[in-house]
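> Once you've had a glance at the structure underneath, I'll fire off some questions.
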Amino acid sequence: MRVEVVLAWPERYLRQELLLPEGCTVADAVEAAALDAGGDSVATAVHGVLARPQQALHDGDRVELLRPLLADPKENRRRRARGGD
């Protein structure tokens, strides 16, 4: 089955397309892609939905490596509402 693994930043991204055997998990795909050498990702998602490492994958799935937030979204909204950028 064909699976895509993506790690993105605001200015760039890394993408690895893999051919994996049926029954592979999110953890198998992350390991095979080897995109997160620094261990910066804190979670994974499949097509934008939070996924556990043992979740089974299907043909055509996109696994996203999620990084920690740099700013609190609620605080950003408050700052914009006060008129600051």
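In the structure tokens, each chain is lettered A, B, ... as it comes, each chain's residues begin at 1, and ligands are numbered from 1 in order of appearance.
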Can you tell me, as number ranges by chain, which residues in chain A count as alpha helix (DSSP H) by DSSP?
A: 26-33, 73-81
> As a PDB file with N, CA and C atoms, in the first residue's frame, please: all residues of chain A that backbone DSSP puts in strand (DSSP E).

```pdb
ATOM      1  N   ARG A   2       0.368   2.304  -0.562  1.00  0.00           N
ATOM      2  CA  ARG A   2       1.104   3.564  -0.679  1.00  0.00           C
ATOM      3  C   ARG A   2       0.669   4.498   0.456  1.00  0.00           C
ATOM      4  N   VAL A   3       1.660   5.019   1.207  1.00  0.00           N
ATOM      5  CA  VAL A   3       1.412   5.914   2.335  1.00  0.00           C
ATOM      6  C   VAL A   3       2.367   7.097   2.214  1.00  0.00           C
ATOM      7  N   GLU A   4       1.889   8.278   2.570  1.00  0.00           N
ATOM      8  CA  GLU A   4       2.711   9.484   2.541  1.00  0.00           C
ATOM      9  C   GLU A   4       2.949   9.941   3.981  1.00  0.00           C
ATOM     10  N   VAL A   5       4.185  10.336   4.293  1.00  0.00           N
ATOM     11  CA  VAL A   5       4.527  10.876   5.613  1.00  0.00           C
ATOM     12  C   VAL A   5       5.052  12.289   5.393  1.00  0.00           C
ATOM     13  N   VAL A   6       4.519  13.245   6.172  1.00  0.00           N
ATOM     14  CA  VAL A   6       4.847  14.656   5.984  1.00  0.00           C
ATOM     15  C   VAL A   6       5.250  15.287   7.315  1.00  0.00           C
ATOM     16  N   LEU A   7       6.297  16.110   7.263  1.00  0.00           N
ATOM     17  CA  LEU A   7       6.721  16.933   8.392  1.00  0.00           C
ATOM     18  C   LEU A   7       6.839  18.351   7.848  1.00  0.00           C
ATOM     19  N   ALA A   8       6.086  19.313   8.420  1.00  0.00           N
ATOM     20  CA  ALA A   8       6.031  20.659   7.842  1.00  0.00           C
ATOM     21  C   ALA A   8       6.385  21.730   8.864  1.00  0.00           C
ATOM     22  N   TYR A  13       8.758  22.026   3.990  1.00  0.00           N
ATOM     23  CA  TYR A  13       8.235  20.740   4.439  1.00  0.00           C
ATOM     24  C   TYR A  13       9.110  19.608   3.890  1.00  0.00           C
ATOM     25  N   LEU A  14       9.021  18.456   4.559  1.00  0.00           N
ATOM     26  CA  LEU A  14       9.651  17.226   4.087  1.00  0.00           C
ATOM     27  C   LEU A  14       8.531  16.230   3.825  1.00  0.00           C
ATOM     28  N   ARG A  15       8.652  15.497   2.737  1.00  0.00           N
ATOM     29  CA  ARG A  15       7.605  14.552   2.350  1.00  0.00           C
ATOM     30  C   ARG A  15       8.271  13.270   1.869  1.00  0.00           C
ATOM     31  N   GLN A  16       7.766  12.164   2.347  1.00  0.00           N
ATOM     32  CA  GLN A  16       8.301  10.857   1.935  1.00  0.00           C
ATOM     33  C   GLN A  16       7.123   9.978   1.544  1.00  0.00           C
ATOM     34  N   GLU A  17       7.142   9.461   0.338  1.00  0.00           N
ATOM     35  CA  GLU A  17       6.116   8.516  -0.091  1.00  0.00           C
ATOM     36  C   GLU A  17       6.676   7.107   0.056  1.00  0.00           C
ATOM     37  N   LEU A  18       5.913   6.242   0.690  1.00  0.00           N
ATOM     38  CA  LEU A  18       6.391   4.894   1.017  1.00  0.00           C
ATOM     39  C   LEU A  18       5.470   3.831   0.425  1.00  0.00           C
ATOM     40  N   LEU A  19       6.053   2.705   0.105  1.00  0.00           N
ATOM     41  CA  LEU A  19       5.299   1.500  -0.234  1.00  0.00           C
ATOM     42  C   LEU A  19       5.479   0.536   0.932  1.00  0.00           C
ATOM     43  N   ALA A  43       3.312  14.414  18.246  1.00  0.00           N
ATOM     44  CA  ALA A  43       2.139  13.581  17.974  1.00  0.00           C
ATOM     45  C   ALA A  43       2.077  13.307  16.477  1.00  0.00           C
ATOM     46  N   THR A  44       1.126  12.460  16.101  1.00  0.00           N
ATOM     47  CA  THR A  44       0.910  12.167  14.686  1.00  0.00           C
ATOM     48  C   THR A  44      -0.571  12.292  14.376  1.00  0.00           C
ATOM     49  N   ALA A  45      -0.852  12.546  13.109  1.00  0.00           N
ATOM     50  CA  ALA A  45      -2.235  12.613  12.635  1.00  0.00           C
ATOM     51  C   ALA A  45      -2.304  11.876  11.303  1.00  0.00           C
ATOM     52  N   VAL A  46      -3.469  11.353  10.997  1.00  0.00           N
ATOM     53  CA  VAL A  46      -3.721  10.754   9.696  1.00  0.00           C
ATOM     54  C   VAL A  46      -4.829  11.581   9.055  1.00  0.00           C
ATOM     55  N   VAL A  49      -6.412  14.089  11.511  1.00  0.00           N
ATOM     56  CA  VAL A  49      -7.077  13.591  12.715  1.00  0.00           C
ATOM     57  C   VAL A  49      -6.027  12.902  13.583  1.00  0.00           C
ATOM     58  N   LEU A  50      -5.942  13.300  14.846  1.00  0.00           N
ATOM     59  CA  LEU A  50      -4.956  12.739  15.766  1.00  0.00           C
ATOM     60  C   LEU A  50      -4.977  11.212  15.721  1.00  0.00           C
ATOM     61  N   ALA A  51      -3.794  10.604  15.651  1.00  0.00           N
ATOM     62  CA  ALA A  51      -3.687   9.150  15.509  1.00  0.00           C
ATOM     63  C   ALA A  51      -2.712   8.580  16.529  1.00  0.00           C
ATOM     64  N   ARG A  62      -2.274   9.713   4.569  1.00  0.00           N
ATOM     65  CA  ARG A  62      -1.200  10.699   4.756  1.00  0.00           C
ATOM     66  C   ARG A  62      -0.968  10.836   6.260  1.00  0.00           C
ATOM     67  N   VAL A  63       0.227  10.483   6.705  1.00  0.00           N
ATOM     68  CA  VAL A  63       0.607  10.593   8.110  1.00  0.00           C
ATOM     69  C   VAL A  63       1.337  11.918   8.294  1.00  0.00           C
ATOM     70  N   GLU A  64       0.869  12.724   9.241  1.00  0.00           N
ATOM     71  CA  GLU A  64       1.465  14.029   9.498  1.00  0.00           C
ATOM     72  C   GLU A  64       2.164  13.997  10.856  1.00  0.00           C
ATOM     73  N   LEU A  65       3.421  14.395  10.867  1.00  0.00           N
ATOM     74  CA  LEU A  65       4.168  14.502  12.118  1.00  0.00           C
ATOM     75  C   LEU A  65       3.902  15.893  12.678  1.00  0.00           C
ATOM     76  N   LEU A  66       3.361  15.959  13.883  1.00  0.00           N
ATOM     77  CA  LEU A  66       2.954  17.230  14.469  1.00  0.00           C
ATOM     78  C   LEU A  66       4.024  17.751  15.419  1.00  0.00           C
TER      79      LEU A  66
END
```
> CA of Glu22 (chain A) to CA of Ser41 (chain A): how many Å, to one decimal?
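Atom-to-atom, CA of Glu22 (chain A) to CA of Ser41 (chain A), that is 24.9 Å.
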> Out of A:Leu35, A:Met1, A:Leu20, A:Val26, which residue has the shortest atom-to-atom distance to Gln55 (chain A) when counting only C-alpha atoms?
A:Val26
> Between A:Val30, A:Ala81, A:Pro68, A:Asp61, which is the closest to Gly48 (chain A) once you count only C-alpha atoms?
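Closest to Gly48 (chain A), using only C-alpha atoms: A:Asp61.
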